[in-house]
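> One structure, as C-alpha cells, below. Some questions next.
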Amino acid sequence: MKTLKKKIESSFDNINITVTDNNMDISIDKNGIVTLLSFLKNMGYEHLALISCVDLPDEKLLEIVYILSAYMENDKKFTEKEARNIIVKTRIPRDKANFVTVIDIFENAEPYERELHELFGIHFQGHPRLTPLFLELEYKIPPFRKDFDTRKFVKQFFENIPAVE
Amino acid sequence: MAETSFINPFKAIKYLFKKPKTLCYPFELKEPAVRYRGFHINDWDKCTGCGNCADICPNEAIEMVKIAELVSKPEEGLKDERPELDYGRCCFCGLCVDICPPGSLSLTRDYFHIHFNTDTFTFIPRDEKADKDSFVSDDEYSVLKASLSHRKKDYRGFSPEIEYALFETDRVRMPEISPKKRKLSFIEQVIGYKKEEAISEATRCLGCKLCEQACPAHLQIYEYIHAIAEDLPEKSLRKIFEDNPIPSMCGRICMKHCEDACSLSIRGDALAIRWLKRFVADTIDDYKKALEITPGKSTGKKIAVIGAGPSGLSLAYFLRLKGHDVIVFDELPGGGGTLRTGPPTYRLPLDSIDKDVNYIKSLGVTFKFNTKVGKDIKFDKLLKDYDAVFLGIGNTVSFSTRVKNAEKCCLALEYLEDNKIGKQRKVGKKVIVIGGGNVAMDVARETIRLQHMQHPKEKVVTKTVSLEDWHELPATEEEIEEAKEEDIQFNPAWGPKEVVLDSNGNIKGLECKKVKSVFDGKGRFAPTFYENKTQFLEGDMVIEAIGQRPDFSFMGKRADKLQFTKRKKVKVDKNGMTSIPKVFAGGDIVNINLDAVTAIADAKVAAEGITKYLLK
Amino acid sequence: MRELELYFGPQHLGMVGNFSITLKVEGDRIKKADANPGYLHRGFEKLMEYRTWMQNFPLVCRINVVEPDHIELIYSMGVEKLAGIDVPLRGKFIRSIYCELARVGSHLFGLWAYSNMLGFDTVAQWAMYHRDLVLDLFEELTGARVYHIYIRPGGVRRDFPQGFEDKIISTLHSIGGKVPDYNATFFENRLFEKRAKGVGTLTRENAVKWGAVGHAMRATGMKYDIRKIEPYAAYDQVEWEVPTRNEGDAYSRLLAIRDEMIESVHMIFKLIDKMPKKGAVYTKTPNPFQWKIPAGEAYVRCESSRGELGLYIVSDGGDKPYRVHFRTPSYSHGLTILEKVLEGESIADVGNIMISLYVVAPEIDR
C-alpha cells in the first residue's frame, strides 16, 4: 500500500492521503478528480461502489465522495491491490454547485449523479439525462440539504389535504 | 448436475396424495411464539410514571397522561402519570420494554384490533389485575371477537429482562478507605471520584427528573449532572449555586432523598448524585472565579441571622443576592452550626466547611463568631436595630435518660464538639453508647477511633444500646453498615435501667431491661418494658445520645409569645414568619426531616417571605 | 416497423414490487428501456438524521422489505466501527447464523417470484411454504416474523432460547430433504432450460464495466464474495466454498442461487457446532439518551443475499448521525444493468431477466 501511496503522491499535487488499516482516504482539489479516478482505475480499482455527498453549511461547501474498490479474486495473492476501499473526497462551493461527470470513466455512475442532482442540487456537466429520479414535486431548496425545514414542509403540504370523511 | 428432461417433473405427482399444508384460519389457529411482540400491558403497581418510555420511542407514539385516581408521592419517586399509546404510530420494536427501569411495561401475544371508531386505537395499557373485563380466560376467548378490549389472560410475550436492559445497572464504585485502616485514625473515609469516573457515572442518568421532585429544595439535578457528563464543571457549579450555596458540605453529609427516588435504584444502583456534587465542589478550587456572582443593588435594609448553620448560611446568601445587608451571629468560632461540631472529621472535615463559608463571606455577608445572642448581645436590641430577624438556632441541648447515676455519663453534643474543635476527651477501654440514631452512630464510630488512638494494641470495645429493634433503628442503613464494619457491637431492643457504680464511684457498667414495644397504637413514642428481663453490660464509660432540643432562653420573656405545633416545632406561616412579627425561623426547629437540605428549603421560603415583608 | 412506447408499469403480473420500466419496442423486440424508480421513496437517510444512534436501529430494517436482516447488520457494523466497539465471540456466531438463515429465506422468496412469473405455481408454493418454516424460526428467536429488529450496535438483543439449535437443525433437515424434488421438478426441467438459457447474458467485461455484484458476478465465473474478501462476524471461523457458474445468463444465475442456498445450509450446521456454548452476546454501550460518538467517517460492507451492501456513515461528534448513505446492490442492477441488458430481448422476458438479477424495488428508492 505504501508503494501505491507514493505513486499517487508523485503524480499529483494538492493532494492529501491517509492510510488506516486497509482503507485509504484521499482528499484532492476539484480540478484533479477526473485524472485521479482514471489513474486509479488503471491501477486496478475498477468497481465504483458509491458516489455520495455531505452538506457542510458552516463552511458553505458540499463535499462529494467517491468510493472505489477492486474486484479481487480471492484465490490469488494480492500485491499492490492491498487497499480494500479507497475514499476520494473533494469540495465544491454550495451556492453554485457545478461539477463534471465521470461517466466516461465509470459507466455505472449515471444513476448516482442523477440522484445527487435531484436531492442536493448539484449540476453535472456532460450527463446525458439529469431528469428527476425519485421525487415528483419541485422544491425550492433541494430536500437533503441541512437548511430544508421538514416541519414547515409537512405543515404546508399535508395540512392542506382535506380529511377523509 | 444431471441432464434436463421432460419426464422428471412428473415426479411431483406424489404430492397429489399428501395432506395439504393449508391452515384453515380462523378455525385453526397458529400459536404465536413465546417472545412475540404484540400489544402492551403495564403493571400500574410497579410503574412510577417516569416517562422514559416516551423519551426513547423512535416514532413518538407514547405520551404521558395524568390519571385522576392516582396520587403523586414525590419522596418515593412516584408520579401520577401513566403512558398512553397511539397504535397508529407504534412499530412494535420493544425499545420501551428494554428501557423501562422498574420493568413494568411488557408486550403480549395479542395482535388483533378491528374497529370503526379510530379513537379506540389510542389506548392506556393496564394489566390483568386492574382491568378484569378486558382479559378473558381460554374458554371464553374467541378470535372472532378479538380486540383491545377482548384479550387472553396470561399471554405475555416480549418481557423485560434485567441483563439485557438498555440502562447501566451498576454504579461506578467510589474508592474508600478499608474498615481495618480507617478505624485507627480520623482520615476522611471517602476518597472522591477522579474526572473519568465522574463523567462515566454522570452519563448513566436517564433524565426522567423524578429526583428533582423528591429533593426538598428542588435543585436542578438533571442540569448539573448533564454538565458534568459534558465535562463542564463550572457550568455545573453555577447550576448548583442557583439553589444550594453549600455544595461542599452537602456533598458529604446530605441525606440524599434524590437517590431514594432515582429510577435506576428500582432494579440497580441509584445514580451517585451526592458524590457527583462533591466532585464538582472539590474540583473547583476558587468558587469566585468560576461563578462570577455579584450581589444585587443595595436596598438599605439590614437583617440579623442567629445561627450560622445550613439554614442561616443559605438565607444569608439568598438575601445578599437580592442586595440586603446581612449579619450572621454564631457562638462557635467558625461557620457551619451543628455541622461544624456534630459530624466527625472522617465524614466532614473542617476545611470543607470553611470553603463554603468563606465564599459566602466574600460576597459581603458579615459574620460575628464567638458571639452568643442573649449573653454578648441582647435579643431585644436585635429586634430594635434590624429590619428582620431569622432564628436558625438548631437543636443545641442534649436530652438525658435521667436513670439512676445518669449524671456520671457524658452527653452526645458536648462530647462531639470537644473532640472536633476543642480538647480531645479521654475514653475508656469499654464504652457504652445509649441511642440508635445517626448521632449515636457518630458518637460510637468516633469513640472506637479514639480508643485505638489512645490505647494502641490493647483490646477495646464499643457497644450501643437502643430501644429500637433492628427494623426500627432511626439511623440510616449506610451508617449502620459502616459501624458494623468497624466492629461496633449492637444491642437493639434493650433500654437503660441504671448506671452501676463501683465502690470508688466510677462507672462499672449499665443495667438494661428488655423492651416490649417502642411506639403505641397511634404511633407516638411510648416505650414499654419487661421489668424482669435484664442484662448487665460491662463498661467504664457511658455516653447518652438519645436526642436533642433547641434552647430559647436567649429570647427572654419573648419566648412565651412563640407558638408551637403539635409536634413541638416552631409554628411558621407560609412566608416563614413565626407568631412574633419581624421574627422568621427555619431549619431543625421548624421541620421534621432534621437534615441540611430541608434547612436550605426553609431558608428559600424565608428569603421570599422577608423580601415581601420588607417591601410593605 | 413502427416504434411503440409501452409502460411495463408498477401493476403488472410479471413485476415484483413497485417499480416500472418504459419500453420502446418494435414488434416484439425491445429497442430501449428506461427504468422509473421512485414509488417507494420514504426518505430514510434524512429521517435517520433526526434520531439518536440507538433509536435508529428499529427504523433501518424497513429499507429492504424482503430481507431486512443484512441492513440491520450493516448499520450496527457502521456504528461499531465509528465508536470502536468490539462484539463478543458468541454474539458474532449468532449474527452469522441469523444472517445465513435470512439468506436461505430470501433465496426461497426469489424462487417463488421467479417460478410464479414463469407461470409454474407448484414450485412457487413449495418455496413459500419452506420460507414460512424459516420465518417460524425467526419468530421464536426475535418475536416477529418479518421485521426482526434483533441486531443492535454492540451485539444482539437476546440470547437463543432453550433448545433452539435443535429446532434449527430439524427445520433445515426437512427443507434439505426436499432438494431432490426441487431439482427434479424445476432445475432439471427442460422447459425451464429453454426459457432461461441464453436470456439476459452478461459477459465478464460488461459485468465489470457496469458494476455488477453478488450472484450476477459469480454467474460469470468470478469468485467475488465479501465474506471471503473482508470477513466479518464469524465467517472466517468455518470452512466453506464460493460456488460459481460460467455462462452469465439467467439460467446460470438461478443455478448459482440454488448452489448458494445449499452451501448456506451446510454452513449453518458447521457454525452451530463451533459456536461457544456460553458467553455474553453483546457489549454494553453507554446510556442511549447521552451516547456521543467522536467525529469521523466509515465505510463498511457485507454480502447480502443480493450482492454487496455498503454503508457510508459520517458523525460530527454529536448524538445523532450527520449523514447516512446506503449502497444497495439493487441500485446498479436495477438502474444500469437492466437497461443495458434488456436491449434486444423480447417483451415476455422482461420479468424473467429482472427477477433473475434479483432487483427489489424498496432497496433502490430507500
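Chain labels follow the order of the C-alpha cells: the first chain is A, the next B, and so on; residue numbering restarts at 1 in every chain, and ligands are counted from 1 in their shown order.
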Excluding Lys277 of chain C and any residue of its chain fewer than 3 positions from it, enumerate the residues within 12 Å of it, using only C-alpha atoms, and give them as a PyMOL selection string.
chain C and resi 89-91+93-94+159-160+162+165+271-274+280-281
> Please return as an MDAnalysis selection string: the residues of segment 50-237 of chain C that backbone DSSP assigns to strand (DSSP E).
chainID C and resid 151:152 155:156
> Check every residue of chain B for an atom within 8 Å of chain C, counting only C-alpha atoms, and provide those that qualify as a ChimeraX atom specification.
/B:2-6,8-12,21,32-37,56-58,93,157-158,164,166-168,203-206
> Which residues of chain C have any atom within 9 Å of an atom in chain A when counting only C-alpha atoms, and what is the closest pair of atoms for each, with the distance in Å to one decimal? Order the rows by chain and rising number and write it as JSON lines.

{"residue": "C:Asn36", "atom": "CA", "partner": "A:Leu133", "partner_atom": "CA", "distance": 7.1}
{"residue": "C:Pro37", "atom": "CA", "partner": "A:Phe134", "partner_atom": "CA", "distance": 6.2}
{"residue": "C:Gly38", "atom": "CA", "partner": "A:Phe134", "partner_atom": "CA", "distance": 3.9}
{"residue": "C:Tyr39", "atom": "CA", "partner": "A:Phe134", "partner_atom": "CA", "distance": 7.3}
{"residue": "C:Leu40", "atom": "CA", "partner": "A:Phe134", "partner_atom": "CA", "distance": 8.4}
{"residue": "C:His41", "atom": "CA", "partner": "A:Phe134", "partner_atom": "CA", "distance": 6.4}
{"residue": "C:Gly43", "atom": "CA", "partner": "A:Phe144", "partner_atom": "CA", "distance": 8.9}
{"residue": "C:Glu45", "atom": "CA", "partner": "A:Phe144", "partner_atom": "CA", "distance": 8.5}
{"residue": "C:Lys46", "atom": "CA", "partner": "A:Phe144", "partner_atom": "CA", "distance": 6.5}
{"residue": "C:Val208", "atom": "CA", "partner": "A:His47", "partner_atom": "CA", "distance": 7.1}
{"residue": "C:Lys209", "atom": "CA", "partner": "A:Glu107", "partner_atom": "CA", "distance": 6.4}
{"residue": "C:Trp210", "atom": "CA", "partner": "A:Asn108", "partner_atom": "CA", "distance": 5.1}
{"residue": "C:Gly211", "atom": "CA", "partner": "A:Asn108", "partner_atom": "CA", "distance": 6.1}
{"residue": "C:Ala212", "atom": "CA", "partner": "A:His47", "partner_atom": "CA", "distance": 8.8}
{"residue": "C:Met222", "atom": "CA", "partner": "A:Glu73", "partner_atom": "CA", "distance": 6.7}
{"residue": "C:Lys223", "atom": "CA", "partner": "A:Glu73", "partner_atom": "CA", "distance": 5.8}
{"residue": "C:Tyr224", "atom": "CA", "partner": "A:Glu73", "partner_atom": "CA", "distance": 6.2}
{"residue": "C:Asp225", "atom": "CA", "partner": "A:Asn74", "partner_atom": "CA", "distance": 8.3}
{"residue": "C:Lys228", "atom": "CA", "partner": "A:Asn74", "partner_atom": "CA", "distance": 7.0}
{"residue": "C:Ile229", "atom": "CA", "partner": "A:Asn74", "partner_atom": "CA", "distance": 6.4}
{"residue": "C:Glu230", "atom": "CA", "partner": "A:Arg84", "partner_atom": "CA", "distance": 8.2}
{"residue": "C:Tyr299", "atom": "CA", "partner": "A:Asn85", "partner_atom": "CA", "distance": 8.1}
{"residue": "C:Glu308", "atom": "CA", "partner": "A:Ala49", "partner_atom": "CA", "distance": 9.0}
{"residue": "C:Gly310", "atom": "CA", "partner": "A:Ala49", "partner_atom": "CA", "distance": 8.1}
{"residue": "C:Tyr312", "atom": "CA", "partner": "A:Ser52", "partner_atom": "CA", "distance": 8.3}
{"residue": "C:Val314", "atom": "CA", "partner": "A:Val54", "partner_atom": "CA", "distance": 8.5}
{"residue": "C:Tyr322", "atom": "CA", "partner": "A:Val54", "partner_atom": "CA", "distance": 8.5}
{"residue": "C:Arg323", "atom": "CA", "partner": "A:Val54", "partner_atom": "CA", "distance": 6.6}
{"residue": "C:His325", "atom": "CA", "partner": "A:Ser52", "partner_atom": "CA", "distance": 7.1}
{"residue": "C:Phe326", "atom": "CA", "partner": "A:Leu50", "partner_atom": "CA", "distance": 8.8}
{"residue": "C:Arg327", "atom": "CA", "partner": "A:Leu50", "partner_atom": "CA", "distance": 6.3}
{"residue": "C:Tyr331", "atom": "CA", "partner": "A:Pro111", "partner_atom": "CA", "distance": 8.2}
{"residue": "C:Ser332", "atom": "CA", "partner": "A:Asn108", "partner_atom": "CA", "distance": 6.8}
{"residue": "C:Leu335", "atom": "CA", "partner": "A:Pro111", "partner_atom": "CA", "distance": 6.8}
{"residue": "C:Thr336", "atom": "CA", "partner": "A:Asn108", "partner_atom": "CA", "distance": 6.1}
{"residue": "C:Ile337", "atom": "CA", "partner": "A:Asn108", "partner_atom": "CA", "distance": 8.3}
{"residue": "C:Asp365", "atom": "CA", "partner": "A:Phe134", "partner_atom": "CA", "distance": 6.9}
> Would you pick out the contacts of Val357 of chain B at 10 Å or less, using only C-alpha atoms, so that residues sharing its chain but fewer than 5 positions from it are not included, and give the list as a list of chain:residue names?
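Here the answer would be B:Pro245, B:Ile246, B:Ser248, B:Met249, B:Ala308, B:Gly309, B:Leu313, B:Gly334, B:Gly335, B:Gly336, B:Asp351, B:Ser352, B:Ser362, B:Val365, B:Phe367.
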> So what do you get for atom CA of Met15 of chain C versus atom CA of Ala348 of chain C, distance-wise?
11.6 Å
> Which residues are near His471 of chain B? Cut-off 12 Å, only C-alpha atoms, ignore same chain within fewer than 2 positions. Put them as a list in words.
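Here the qualifying residues turn out to be Gly436, Ser466, Leu467, Glu468, Asp469, Leu473, Pro474, Ala475, Thr476, Glu477, Ile480, Pro492, Ala493 and Val518 of chain B.
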